[in-house]
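Source file: query11.txt. Holds: compact mmCIF, C-alpha atoms.
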```txt
# COMPACT_ATOMS: atom_id res chain seq x y z
CA MET Q 1 145.55 -44.16 -177.00
CA PRO Q 2 145.21 -47.76 -178.14
CA MET Q 3 142.88 -46.74 -180.94
CA GLU Q 4 144.60 -48.74 -183.64
CA ASN Q 5 141.94 -49.15 -186.28
CA ALA Q 6 141.47 -52.90 -186.40
CA THR Q 7 139.91 -52.87 -189.84
CA ALA Q 8 142.60 -50.52 -191.19
CA THR Q 9 140.01 -48.43 -193.02
CA PRO Q 10 141.39 -46.01 -195.60
CA ALA Q 11 140.45 -42.48 -194.56
CA GLU Q 12 138.51 -41.66 -197.75
CA ASN Q 13 135.71 -44.20 -197.20
CA LYS Q 14 135.33 -43.53 -193.49
CA LEU Q 15 131.66 -42.54 -193.82
CA PRO Q 16 130.29 -45.68 -195.50
CA THR Q 17 132.23 -47.82 -193.02
CA ASP Q 18 130.67 -45.96 -190.12
CA THR Q 19 127.22 -46.59 -191.60
CA ARG Q 20 128.03 -50.27 -191.77
CA ALA Q 21 129.13 -50.25 -188.13
CA PHE Q 22 125.88 -48.53 -187.10
CA VAL Q 23 123.84 -51.20 -188.91
CA ILE Q 24 125.77 -53.99 -187.19
CA VAL Q 25 125.31 -52.37 -183.78
CA ALA Q 26 121.57 -51.82 -184.38
CA LEU Q 27 121.08 -55.46 -185.43
CA SER Q 28 123.04 -56.65 -182.38
CA ALA Q 29 120.86 -54.48 -180.14
CA ILE Q 30 117.69 -56.08 -181.56
CA ALA Q 31 119.17 -59.55 -181.08
CA TRP Q 32 120.14 -58.59 -177.52
CA PHE Q 33 116.61 -57.50 -176.61
CA ALA Q 34 115.07 -60.59 -178.19
CA LEU Q 35 117.44 -62.82 -176.25
CA TYR Q 36 116.87 -60.93 -173.02
CA ASN Q 37 113.14 -61.52 -173.31
CA VAL Q 38 113.27 -65.26 -173.86
CA ILE Q 39 115.51 -66.24 -170.94
CA GLN Q 40 112.77 -66.19 -168.27
CA PRO Q 41 110.39 -68.54 -170.15
CA PHE Q 42 113.39 -70.62 -171.20
CA ALA Q 43 114.64 -71.00 -167.60
CA ASN Q 44 111.16 -72.04 -166.43
CA TRP Q 45 110.79 -74.50 -169.28
CA LEU Q 46 114.23 -75.97 -168.56
CA SER Q 47 113.63 -76.54 -164.84
CA TYR Q 48 109.89 -77.29 -164.66
CA GLY Q 49 109.33 -78.68 -168.17
CA LEU Q 50 112.42 -80.50 -169.35
CA LEU Q 51 113.70 -81.55 -165.92
CA ALA Q 52 110.10 -81.91 -164.67
CA LEU Q 53 110.86 -80.56 -161.20
CA PRO Q 54 107.88 -79.56 -159.05
CA LYS Q 55 107.39 -75.78 -158.90
CA ASP Q 56 107.43 -75.66 -155.11
CA SER Q 57 110.54 -77.80 -154.65
CA HIS Q 58 113.80 -76.33 -153.33
CA LEU Q 59 115.76 -77.83 -156.21
CA GLY Q 60 113.30 -76.59 -158.83
CA GLN Q 61 113.36 -73.05 -157.46
CA SER Q 62 117.13 -73.00 -157.12
CA LEU Q 63 117.63 -74.27 -160.68
CA ALA Q 64 115.06 -71.93 -162.25
CA PHE Q 65 116.77 -69.06 -160.41
CA PHE Q 66 120.19 -70.19 -161.66
CA PHE Q 67 119.11 -70.72 -165.31
CA TYR Q 68 117.48 -67.29 -165.36
CA ASP Q 69 120.12 -65.26 -163.52
CA VAL Q 70 123.27 -66.51 -165.28
CA PRO Q 71 122.25 -65.56 -168.86
CA LYS Q 72 120.50 -62.42 -167.61
CA ILE Q 73 123.55 -61.07 -165.76
CA ILE Q 74 125.94 -62.03 -168.56
CA LEU Q 75 123.73 -60.35 -171.18
CA LEU Q 76 123.36 -57.26 -169.00
CA LEU Q 77 127.10 -57.10 -168.37
CA GLY Q 78 127.92 -57.40 -172.08
CA GLY Q 79 125.34 -54.83 -173.16
CA MET Q 80 125.98 -52.29 -170.42
CA ILE Q 81 129.77 -52.50 -170.57
CA PHE Q 82 129.46 -51.88 -174.32
CA LEU Q 83 127.39 -48.75 -173.68
CA ILE Q 84 129.61 -47.52 -170.84
CA THR Q 85 132.77 -47.98 -172.90
CA MET Q 86 131.09 -46.13 -175.79
CA LEU Q 87 130.39 -43.23 -173.44
CA ARG Q 88 133.92 -43.36 -172.07
CA SER Q 89 135.44 -43.17 -175.54
CA PHE Q 90 134.42 -39.50 -175.50
CA PHE Q 91 136.63 -38.89 -172.44
CA SER Q 92 140.32 -39.29 -171.69
CA ALA Q 93 142.61 -38.76 -168.72
CA GLU Q 94 144.32 -35.93 -170.65
CA GLN Q 95 140.99 -34.20 -171.28
CA THR Q 96 139.96 -34.64 -167.64
CA ARG Q 97 143.22 -33.11 -166.47
CA ALA Q 98 142.62 -30.12 -168.74
CA TRP Q 99 139.08 -29.70 -167.34
CA LEU Q 100 140.18 -29.97 -163.72
CA GLY Q 101 143.11 -27.58 -164.12
CA GLY Q 102 142.41 -24.30 -162.35
CA LYS Q 103 139.36 -25.66 -160.50
CA ARG Q 104 139.18 -24.84 -156.81
CA GLU Q 105 138.48 -27.31 -154.05
CA GLY Q 106 134.78 -27.91 -153.61
CA ALA Q 107 133.56 -27.54 -157.18
CA GLY Q 108 136.77 -29.29 -158.24
CA ASN Q 109 136.04 -32.25 -155.94
CA VAL Q 110 132.52 -32.66 -157.32
CA MET Q 111 133.76 -32.51 -160.90
CA ALA Q 112 136.67 -34.86 -160.20
CA ALA Q 113 134.39 -37.44 -158.58
CA ALA Q 114 131.97 -37.31 -161.54
CA LEU Q 115 134.80 -37.51 -164.07
CA GLY Q 116 136.28 -40.41 -162.12
CA ILE Q 117 133.30 -42.50 -163.16
CA ILE Q 118 133.33 -41.73 -166.88
CA THR Q 119 137.04 -41.34 -167.60
CA PRO Q 120 138.64 -44.58 -168.77
CA PHE Q 121 140.91 -45.62 -165.90
CA CYS Q 122 142.81 -48.69 -164.82
CA SER Q 123 144.64 -48.96 -161.52
CA CYS Q 124 147.78 -49.60 -163.61
CA SER Q 125 147.67 -45.93 -164.50
CA ALA Q 126 147.11 -44.63 -160.98
CA VAL Q 127 150.71 -43.43 -160.61
CA PRO Q 128 151.22 -41.54 -163.91
CA LEU Q 129 147.74 -40.10 -163.51
CA PHE Q 130 148.48 -38.95 -159.98
CA ILE Q 131 151.74 -37.28 -161.05
CA GLY Q 132 150.10 -35.78 -164.14
CA PHE Q 133 147.29 -34.27 -162.06
CA VAL Q 134 149.42 -32.96 -159.21
CA GLU Q 135 152.10 -31.55 -161.54
CA SER Q 136 149.57 -29.59 -163.55
CA GLY Q 137 148.49 -27.86 -160.34
CA ILE Q 138 145.31 -29.80 -159.51
CA PRO Q 139 144.94 -29.73 -155.68
CA LEU Q 140 145.75 -32.95 -153.81
CA GLY Q 141 142.21 -33.30 -152.46
CA VAL Q 142 140.68 -32.93 -155.93
CA THR Q 143 143.11 -35.54 -157.28
CA PHE Q 144 142.02 -37.91 -154.52
CA SER Q 145 138.33 -37.37 -155.29
CA PHE Q 146 139.14 -38.70 -158.77
CA LEU Q 147 141.30 -41.57 -157.49
CA ILE Q 148 138.56 -42.65 -155.06
CA SER Q 149 135.53 -42.42 -157.33
CA ALA Q 150 137.20 -44.22 -160.25
CA PRO Q 151 137.45 -47.57 -158.44
CA VAL Q 152 134.63 -47.15 -155.86
CA VAL Q 153 132.01 -46.68 -158.57
CA ASN Q 154 132.84 -49.89 -160.39
CA GLU Q 155 130.98 -50.50 -163.64
CA VAL Q 156 130.74 -54.27 -163.19
CA ALA Q 157 129.35 -53.80 -159.67
CA LEU Q 158 126.94 -51.16 -160.94
CA VAL Q 159 125.56 -53.40 -163.69
CA MET Q 160 125.29 -56.40 -161.36
CA LEU Q 161 123.47 -54.37 -158.71
CA PHE Q 162 121.09 -53.13 -161.39
CA GLY Q 163 120.51 -56.67 -162.66
CA MET Q 164 119.94 -58.25 -159.25
CA PHE Q 165 118.52 -55.46 -157.06
CA GLY Q 166 116.97 -53.03 -159.55
CA TRP Q 167 117.72 -49.44 -160.46
CA LYS Q 168 117.08 -47.99 -156.99
CA VAL Q 169 119.87 -49.88 -155.28
CA ALA Q 170 122.17 -49.33 -158.28
CA GLY Q 171 121.39 -45.61 -158.11
CA LEU Q 172 122.03 -45.51 -154.35
CA TYR Q 173 125.37 -47.19 -154.91
CA LEU Q 174 126.27 -44.62 -157.58
CA VAL Q 175 125.23 -41.62 -155.48
CA SER Q 176 126.89 -42.83 -152.29
CA GLY Q 177 130.09 -43.69 -154.19
CA LEU Q 178 130.16 -40.15 -155.58
CA THR Q 179 129.47 -38.64 -152.16
CA ILE Q 180 132.22 -40.69 -150.51
CA ALA Q 181 134.70 -39.58 -153.20
CA ILE Q 182 133.75 -35.91 -152.81
CA VAL Q 183 133.77 -35.88 -149.00
CA ALA Q 184 136.96 -37.95 -148.64
CA GLY Q 185 138.70 -35.71 -151.21
CA VAL Q 186 137.63 -32.55 -149.38
CA VAL Q 187 138.82 -34.00 -146.03
CA ILE Q 188 142.20 -35.06 -147.48
CA GLY Q 189 142.54 -31.60 -149.05
CA ARG Q 190 141.80 -29.84 -145.74
CA LEU Q 191 144.36 -31.95 -143.87
CA LYS Q 192 147.17 -30.38 -145.97
CA LEU Q 193 149.04 -33.60 -146.55
CA GLU Q 194 151.24 -32.43 -149.43
CA ARG Q 195 154.36 -33.21 -147.40
CA TYR Q 196 153.40 -36.89 -147.43
CA VAL Q 197 153.68 -37.10 -151.17
CA GLU Q 198 157.09 -38.55 -152.08
CA ASP Q 199 159.49 -35.63 -152.61
CA PHE Q 200 160.63 -36.64 -156.09
CA VAL Q 201 157.06 -36.20 -157.39
CA TRP Q 202 157.33 -32.43 -156.94
CA GLN Q 203 160.57 -32.38 -158.93
CA ILE Q 204 159.27 -34.26 -161.95
CA LYS Q 205 158.91 -32.16 -165.05
CA VAL Q 206 155.94 -33.34 -167.06
CA GLY Q 207 156.32 -32.95 -170.82
CA LYS Q 208 154.71 -29.80 -172.14
CA GLY Q 209 151.52 -29.40 -174.16
CA ALA Q 210 148.09 -30.85 -173.51
CA ASN Q 211 148.72 -33.63 -176.02
CA LEU Q 212 145.03 -34.60 -176.32
CA PRO Q 213 144.44 -37.89 -178.11
CA ASP Q 214 142.74 -37.78 -181.54
CA GLN Q 215 138.96 -38.22 -181.61
CA PRO Q 216 138.22 -41.75 -182.79
CA THR Q 217 135.68 -42.55 -185.55
CA TRP Q 218 132.38 -44.24 -184.67
CA THR Q 219 133.66 -47.51 -186.06
CA GLN Q 220 136.63 -47.28 -183.72
CA ARG Q 221 134.39 -46.42 -180.76
CA PHE Q 222 132.21 -49.47 -181.47
CA GLN Q 223 135.32 -51.60 -181.86
CA VAL Q 224 136.77 -50.48 -178.53
CA ALA Q 225 133.39 -50.94 -176.81
CA TRP Q 226 133.01 -54.43 -178.27
CA ASP Q 227 136.55 -55.42 -177.26
CA SER Q 228 136.01 -54.16 -173.74
CA ALA Q 229 132.62 -55.91 -173.35
CA LYS Q 230 134.24 -59.12 -174.58
CA GLU Q 231 137.21 -58.73 -172.27
CA ILE Q 232 135.16 -58.03 -169.14
CA VAL Q 233 132.61 -60.78 -169.76
CA GLY Q 234 135.51 -63.14 -170.51
CA LYS Q 235 137.14 -62.17 -167.23
CA VAL Q 236 134.13 -62.41 -164.92
CA TRP Q 237 131.73 -65.01 -166.34
CA LEU Q 238 133.14 -67.80 -164.18
CA TYR Q 239 132.76 -65.68 -161.03
CA VAL Q 240 129.21 -64.86 -162.06
CA ILE Q 241 128.31 -68.54 -162.51
CA VAL Q 242 129.97 -69.66 -159.27
CA GLY Q 243 128.48 -66.71 -157.38
CA ILE Q 244 124.99 -67.31 -158.73
CA ALA Q 245 125.28 -71.05 -158.06
CA ILE Q 246 126.10 -70.36 -154.40
CA GLY Q 247 123.40 -67.69 -154.33
CA ALA Q 248 120.88 -70.11 -155.82
CA GLY Q 249 121.77 -72.65 -153.15
CA ILE Q 250 121.19 -70.10 -150.40
CA HIS Q 251 118.01 -68.94 -152.15
CA GLY Q 252 116.55 -72.44 -152.15
CA TYR Q 253 117.86 -73.92 -148.92
CA VAL Q 254 118.68 -71.34 -146.23
CA PRO Q 255 115.56 -70.47 -144.21
CA GLU Q 256 114.14 -66.92 -144.33
CA SER Q 257 115.72 -64.36 -141.97
CA ALA Q 258 118.33 -66.86 -140.83
CA LEU Q 259 120.96 -64.16 -141.15
CA ALA Q 260 119.05 -61.25 -139.67
CA GLY Q 261 120.94 -61.66 -136.39
CA ILE Q 262 124.43 -61.57 -137.96
CA LEU Q 263 124.04 -59.29 -140.97
CA GLY Q 264 120.83 -57.49 -140.08
CA LYS Q 265 120.34 -53.96 -138.77
CA GLN Q 266 120.37 -55.05 -135.14
CA ALA Q 267 124.03 -56.02 -135.14
CA TRP Q 268 125.91 -52.70 -134.92
CA TRP Q 269 129.26 -54.30 -135.69
CA SER Q 270 128.14 -55.84 -138.98
CA VAL Q 271 128.94 -52.74 -141.08
CA PRO Q 272 132.60 -52.35 -139.99
CA ALA Q 273 132.97 -56.13 -140.15
CA ALA Q 274 131.66 -56.11 -143.72
CA VAL Q 275 134.20 -53.42 -144.67
CA LEU Q 276 137.09 -55.31 -143.03
CA LEU Q 277 136.02 -58.45 -144.83
CA GLY Q 278 135.65 -56.64 -148.15
CA VAL Q 279 139.13 -55.13 -148.46
CA PRO Q 280 141.10 -58.32 -149.22
CA LEU Q 281 138.36 -59.61 -151.55
CA TYR Q 282 139.28 -57.21 -154.36
CA SER Q 283 138.32 -57.94 -157.99
CA ASN Q 284 135.75 -60.60 -157.24
CA ALA Q 285 132.85 -58.13 -157.29
CA ALA Q 286 131.20 -60.19 -160.01
CA GLY Q 287 131.10 -63.27 -157.84
CA VAL Q 288 130.37 -61.48 -154.58
CA ILE Q 289 127.17 -59.67 -155.61
CA PRO Q 290 125.03 -62.76 -156.34
CA ILE Q 291 125.97 -64.20 -152.94
CA VAL Q 292 125.25 -60.87 -151.27
CA HIS Q 293 121.90 -60.75 -153.08
CA ALA Q 294 120.92 -64.11 -151.66
CA LEU Q 295 122.10 -63.08 -148.18
CA MET Q 296 119.91 -59.99 -148.34
CA GLU Q 297 116.85 -62.07 -149.10
CA LYS Q 298 117.58 -63.93 -145.89
CA GLY Q 299 117.64 -60.84 -143.72
CA ALA Q 300 120.98 -59.10 -144.29
CA ALA Q 301 120.61 -55.29 -144.27
CA LEU Q 302 121.06 -53.14 -147.38
CA GLY Q 303 123.58 -50.76 -145.80
CA THR Q 304 125.77 -53.61 -144.66
CA VAL Q 305 125.65 -55.11 -148.12
CA LEU Q 306 126.50 -51.82 -149.87
CA ALA Q 307 129.38 -51.15 -147.46
CA PHE Q 308 130.74 -54.59 -148.22
CA MET Q 309 130.38 -53.94 -151.97
CA MET Q 310 132.26 -50.66 -151.85
CA ALA Q 311 135.04 -52.01 -149.66
CA VAL Q 312 135.49 -54.87 -152.13
CA VAL Q 313 135.92 -52.60 -155.16
CA GLY Q 314 137.21 -49.34 -153.65
CA LEU Q 315 139.95 -50.25 -151.21
CA SER Q 316 142.15 -52.62 -153.12
CA LEU Q 317 145.50 -53.71 -151.76
CA PRO Q 318 147.17 -53.97 -155.22
CA GLU Q 319 146.31 -50.34 -155.91
CA MET Q 320 147.72 -49.26 -152.54
CA VAL Q 321 150.98 -51.05 -153.35
CA ILE Q 322 151.18 -49.21 -156.68
CA LEU Q 323 150.34 -45.85 -155.07
CA ARG Q 324 153.01 -46.42 -152.40
CA ARG Q 325 155.56 -45.36 -155.07
CA VAL Q 326 154.29 -41.79 -154.94
CA LEU Q 327 152.69 -41.55 -151.48
CA LYS Q 328 154.37 -41.93 -148.11
CA PRO Q 329 152.86 -44.57 -145.77
CA GLN Q 330 151.20 -41.86 -143.65
CA LEU Q 331 149.18 -40.60 -146.63
CA ILE Q 332 148.25 -44.15 -147.67
CA ALA Q 333 147.01 -44.73 -144.12
CA VAL Q 334 144.95 -41.51 -144.17
CA PHE Q 335 143.57 -42.45 -147.59
CA ILE Q 336 142.46 -45.92 -146.44
CA GLY Q 337 141.20 -44.56 -143.11
CA VAL Q 338 139.11 -41.74 -144.60
CA VAL Q 339 137.58 -43.92 -147.32
CA ALA Q 340 136.84 -46.82 -144.94
CA PHE Q 341 135.27 -44.41 -142.46
CA ALA Q 342 133.12 -42.83 -145.19
CA ILE Q 343 131.98 -46.29 -146.37
CA ILE Q 344 131.08 -47.32 -142.82
CA ILE Q 345 129.04 -44.13 -142.28
CA THR Q 346 127.23 -44.75 -145.59
CA GLY Q 347 126.45 -48.29 -144.46
CA TYR Q 348 124.94 -47.11 -141.18
CA LEU Q 349 123.02 -44.37 -142.96
CA PHE Q 350 121.33 -46.84 -145.30
CA ASN Q 351 120.54 -49.23 -142.46
CA LEU Q 352 118.94 -46.30 -140.67
CA VAL Q 353 116.88 -45.12 -143.65
CA PHE Q 354 115.70 -48.47 -145.03
CA MET Y 1 168.54 -51.25 -184.73
CA THR Y 2 165.17 -50.15 -183.46
CA ASN Y 3 164.84 -49.14 -179.85
CA ILE Y 4 161.65 -50.29 -178.19
CA LYS Y 5 160.77 -49.18 -174.67
CA VAL Y 6 157.97 -50.48 -172.49
CA LEU Y 7 157.12 -47.91 -169.82
CA GLY Y 8 155.49 -49.51 -166.81
CA THR Y 9 154.82 -49.02 -163.14
CA GLY Y 10 154.99 -52.70 -162.25
CA CYS Y 11 151.34 -53.62 -162.71
CA THR Y 12 150.33 -56.90 -164.29
CA THR Y 13 149.25 -55.31 -167.59
CA CYS Y 14 152.67 -53.64 -167.86
CA LYS Y 15 154.49 -56.93 -167.37
CA ARG Y 16 152.20 -58.65 -169.87
CA LEU Y 17 152.97 -56.00 -172.49
CA LEU Y 18 156.72 -56.42 -171.92
CA ALA Y 19 156.46 -60.20 -172.26
CA ASP Y 20 154.36 -59.88 -175.44
CA VAL Y 21 156.77 -57.40 -177.02
CA ASN Y 22 159.72 -59.66 -176.25
CA THR Y 23 157.89 -62.61 -177.79
CA LEU Y 24 157.00 -60.59 -180.91
CA VAL Y 25 160.59 -59.44 -181.40
CA ALA Y 26 161.90 -62.98 -181.09
CA LYS Y 27 159.17 -64.45 -183.31
CA ASN Y 28 159.60 -61.93 -186.13
CA ASN Y 29 163.37 -61.73 -185.80
CA TRP Y 30 163.25 -57.95 -185.53
CA GLN Y 31 166.53 -56.12 -185.16
CA ALA Y 32 165.30 -54.40 -182.04
CA GLN Y 33 166.45 -53.80 -178.53
CA VAL Y 34 163.73 -53.94 -175.88
CA GLU Y 35 163.99 -51.96 -172.65
CA TYR Y 36 161.70 -51.95 -169.63
CA VAL Y 37 161.53 -48.52 -167.98
CA THR Y 38 160.15 -48.20 -164.46
CA ASP Y 39 161.82 -44.95 -163.41
CA LEU Y 40 158.93 -42.54 -162.83
CA PRO Y 41 160.63 -39.25 -163.84
CA THR Y 42 161.70 -40.92 -167.11
CA ILE Y 43 158.19 -42.30 -167.69
CA MET Y 44 156.63 -38.91 -167.06
CA SER Y 45 159.03 -37.20 -169.47
CA TYR Y 46 157.13 -38.91 -172.32
CA ASN Y 47 154.06 -36.84 -171.41
CA ILE Y 48 151.73 -39.76 -170.86
CA MET Y 49 149.01 -40.28 -168.26
CA SER Y 50 148.46 -43.98 -168.48
CA THR Y 51 150.72 -46.98 -168.35
CA PRO Y 52 151.89 -49.27 -169.80
CA ALA Y 53 153.14 -47.28 -172.79
CA LEU Y 54 154.98 -48.53 -175.84
CA VAL Y 55 157.75 -46.27 -177.15
CA VAL Y 56 159.52 -46.86 -180.46
CA ASP Y 57 162.62 -44.80 -181.17
CA GLU Y 58 161.56 -42.26 -178.53
CA LYS Y 59 158.03 -41.84 -179.96
CA VAL Y 60 155.00 -42.96 -177.92
CA LEU Y 61 153.19 -45.52 -180.07
CA MET Y 62 150.33 -46.42 -177.73
CA THR Y 63 149.28 -46.69 -174.12
CA GLY Y 64 147.47 -49.58 -172.50
CA HIS Y 65 147.61 -53.11 -173.87
CA PRO Y 66 145.09 -53.72 -176.67
CA GLY Y 67 146.25 -57.30 -177.25
CA ALA Y 68 149.30 -58.89 -178.88
CA ALA Y 69 147.86 -58.83 -182.42
CA LYS Y 70 147.28 -55.07 -182.37
CA VAL Y 71 150.66 -54.45 -180.77
CA GLU Y 72 152.30 -56.47 -183.55
CA LEU Y 73 150.46 -54.49 -186.24
CA ALA Y 74 151.39 -51.16 -184.66
CA LEU Y 75 155.03 -52.18 -184.26
CA MET Y 76 155.19 -53.25 -187.92
CA LYS Y 77 153.70 -49.93 -189.03
CA ALA Y 78 156.24 -48.11 -186.90
CA GLY Y 79 158.96 -49.97 -188.73
CA ALA Y 80 160.15 -52.23 -185.96
CA ALA Y 81 161.44 -54.65 -188.56
```
Would it be possible to restate this file's structure as structure tokens?
Amino acid sequence: MPMENATATPAENKLPTDTRAFVIVALSAIAWFALYNVIQPFANWLSYGLLALPKDSHLGQSLAFFFYDVPKIILLLGGMIFLITMLRSFFSAEQTRAWLGGKREGAGNVMAAALGIITPFCSCSAVPLFIGFVESGIPLGVTFSFLISAPVVNEVALVMLFGMFGWKVAGLYLVSGLTIAIVAGVVIGRLKLERYVEDFVWQIKVGKGANLPDQPTWTQRFQVAWDSAKEIVGKVWLYVIVGIAIGAGIHGYVPESALAGILGKQAWWSVPAAVLLGVPLYSNAAGVIPIVHALMEKGAALGTVLAFMMAVVGLSLPEMVILRRVLKPQLIAVFIGVVAFAIIITGYLFNLVF
Amino acid sequence: MTNIKVLGTGCTTCKRLLADVNTLVAKNNWQAQVEYVTDLPTIMSYNIMSTPALVVDEKVLMTGHPGAAKVELALMKAGAA
């Protein structure tokens, strides 16, 4: 694991250093909450006070929305990614493999889908992880439950949904992502597709021994969490700003329910269209959600929006290209087909319920 | 002569790690030979579950790419010079 201790702490004074790290984190948390609570008044002051825009003007509303949402989402992203990475530092792919070993289909799929969310995973590692799982005897369907839930339940998307739609929609996204991963994994397992895994995979001898990584110290956990929060905010802030700017424009200028006809519940084709549109848009989740939020205010349906979201993060072409090294085209096609189908069903279900 | 291997599956992070390692070796004038390994059976023989991985004289030093500065520090500790 990349747990190189950045501060190069000598082992004997590990405890005092951890205390220091806790103090720093506690102070940062207080600063975070203070900041989070001043952005709303600050945004109002900026647009209605400093710029003296009338409160009922389109421009005033759009700007107040923009000045509030940008710092709010960026603060939320930083804080939540820090917490999520902290949580993830207690898990590892090696540990997950050990837990899943010997689990049957069914219970194994549920566990794999849940672990897919909290195990640190990057699509770079999809191939060694796939081989490592399959070689240690984890069923193909269970392996797929993990490989589907890891990207479908995307932490950036989760935080942005929470920030812009509230905990209910974020929770729905989480639960439906899990369900899709479990069901798609069970279906792929039932189809007995082992012959569509590239033959050499079955011949590979994985090195012996569980080889679990060492447990990091608290200071190291904080360090990793901080680095990851910094990295992700650094990567997506521009998308967030551009997305919110477009969203703010729609918010202020597009008339209410203008989109109900195209993206509303009445149009049956809008869910599959949203999925088709979402696949090539991979990795721009941060910029897509603010736009989607604004579209929803104008009459787009929740199910359509969630389906779009999940297609954007879950079915990524770069990951398919990487997985092609271990899976034959037939299995890739089944994988995409089953997941897309599950996402479309979820979309319809939400449009039906809400 | 130290032997440094970058194990990668062709993703962008893997290529970035390889480029950074090459730069570090050139910058510090290390007597090291850098190899890029993409053969999956070979990669898996190192008993790893994530890529990229950095291997120095057949020992896995780290997986992932924590940034050039940390890679440099780890390589120095491993005696790349």
Report task. Pick out the chain Y residues within 12 Å of chain Q. Count all atoms listed in the file. Give them as a count of residues only. Result -> 44
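The coordinates place atom CA of Ala78 of chain Y at 17.2 Å from atom CA of Thr23 of chain Y.
Going from atom CA of Ile118 of chain Q over to atom CA of Asn154 of chain Q, you cover 10.4 Å.
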Query raised in the report: What gap, in Å, lies between atom CA of Ser316 of chain Q and atom CA of Leu193 of chain Q?
Result: 21.3 Å
Query raised in the report: Contacts of Pro41 of chain Q at 10 Å or less, counting all atoms listed in the file, minus same-chain residues fewer than 5 places along, as a PyMOL selection string?
Result: chain Q and resi 46+64+68
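Residues in contact range of segment 82-87 of chain Q, defined as at most 7 Å between only C-alpha atoms, with sequence neighbours fewer than 6 positions away removed, read Q:Arg221, Q:Phe222, Q:Ala225, Q:Trp226, Q:Ser228, Q:Ala229.
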Kindly save the residues from that selection, with C-alpha atoms included, as an mmCIF file, keeping the file's coordinate frame.
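Everything below was put into selection-v7.cif:
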```
data_model
loop_
_atom_site.group_PDB
_atom_site.id
_atom_site.type_symbol
_atom_site.label_atom_id
_atom_site.label_comp_id
_atom_site.auth_asym_id
_atom_site.auth_seq_id
_atom_site.Cartn_x
_atom_site.Cartn_y
_atom_site.Cartn_z
ATOM 1 C CA ARG Q 221 134.390 -46.420 -180.760
ATOM 2 C CA PHE Q 222 132.210 -49.470 -181.470
ATOM 3 C CA ALA Q 225 133.390 -50.940 -176.810
ATOM 4 C CA TRP Q 226 133.010 -54.430 -178.270
ATOM 5 C CA SER Q 228 136.010 -54.160 -173.740
ATOM 6 C CA ALA Q 229 132.620 -55.910 -173.350
#
```
Report task. Neighbourhood query: residues within 12 Å of (111.8, -77.2, -163.1), file coordinates, counting all atoms listed in the file; return as a ChimeraX atom specification. Result -> /Q:41-68
With C-alpha atoms retained, write the just-selected residues as a compact mmCIF listing (two decimals), keeping the file's coordinate frame.
```
# COMPACT_ATOMS: atom_id res chain seq x y z
CA PRO Q 41 110.39 -68.54 -170.15
CA PHE Q 42 113.39 -70.62 -171.20
CA ALA Q 43 114.64 -71.00 -167.60
CA ASN Q 44 111.16 -72.04 -166.43
CA TRP Q 45 110.79 -74.50 -169.28
CA LEU Q 46 114.23 -75.97 -168.56
CA SER Q 47 113.63 -76.54 -164.84
CA TYR Q 48 109.89 -77.29 -164.66
CA GLY Q 49 109.33 -78.68 -168.17
CA LEU Q 50 112.42 -80.50 -169.35
CA LEU Q 51 113.70 -81.55 -165.92
CA ALA Q 52 110.10 -81.91 -164.67
CA LEU Q 53 110.86 -80.56 -161.20
CA PRO Q 54 107.88 -79.56 -159.05
CA LYS Q 55 107.39 -75.78 -158.90
CA ASP Q 56 107.43 -75.66 -155.11
CA SER Q 57 110.54 -77.80 -154.65
CA HIS Q 58 113.80 -76.33 -153.33
CA LEU Q 59 115.76 -77.83 -156.21
CA GLY Q 60 113.30 -76.59 -158.83
CA GLN Q 61 113.36 -73.05 -157.46
CA SER Q 62 117.13 -73.00 -157.12
CA LEU Q 63 117.63 -74.27 -160.68
CA ALA Q 64 115.06 -71.93 -162.25
CA PHE Q 65 116.77 -69.06 -160.41
CA PHE Q 66 120.19 -70.19 -161.66
CA PHE Q 67 119.11 -70.72 -165.31
CA TYR Q 68 117.48 -67.29 -165.36
```
Query raised in the report: With all atoms listed in the file as the atoms that count, which of Y:Val37, Y:Leu18, Y:Leu24, Y:Val55 lies nearest to Ile4 of chain Y?
Result: Y:Val55
Requested in this report: Within 12 Å of segment 26-30 of chain Q, counting all atoms listed in the file, which residues show up once you throw out same-chain ones fewer than 4 positions away? Write them as an NGL selection string, please.
Outcome: :Q and (19-22 or 34-37 or 75-76 or 78-80 or 82-83 or 222 or 226)
Can you tell me, as a short mmCIF file (atom, residue, chain, number, x, y, z; two decimals) with C-alpha atoms, in the frame of the given file, what residues are no more than 10 Å from His251 of chain Q when counting all atoms listed in the file, ignoring any on the same chain fewer than 4 positions away?
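Output file result_20.cif is given in full below:
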```cif
data_model
loop_
_atom_site.label_atom_id
_atom_site.label_comp_id
_atom_site.auth_asym_id
_atom_site.auth_seq_id
_atom_site.Cartn_x
_atom_site.Cartn_y
_atom_site.Cartn_z
CA HIS Q 58 113.80 -76.33 -153.33
CA GLN Q 61 113.36 -73.05 -157.46
CA SER Q 62 117.13 -73.00 -157.12
CA PHE Q 65 116.77 -69.06 -160.41
CA PHE Q 66 120.19 -70.19 -161.66
CA ILE Q 244 124.99 -67.31 -158.73
CA ALA Q 245 125.28 -71.05 -158.06
CA ILE Q 246 126.10 -70.36 -154.40
CA GLY Q 247 123.40 -67.69 -154.33
CA PRO Q 255 115.56 -70.47 -144.21
CA GLU Q 256 114.14 -66.92 -144.33
CA ILE Q 291 125.97 -64.20 -152.94
CA HIS Q 293 121.90 -60.75 -153.08
CA ALA Q 294 120.92 -64.11 -151.66
CA LEU Q 295 122.10 -63.08 -148.18
CA MET Q 296 119.91 -59.99 -148.34
CA GLU Q 297 116.85 -62.07 -149.10
CA LYS Q 298 117.58 -63.93 -145.89
#
```
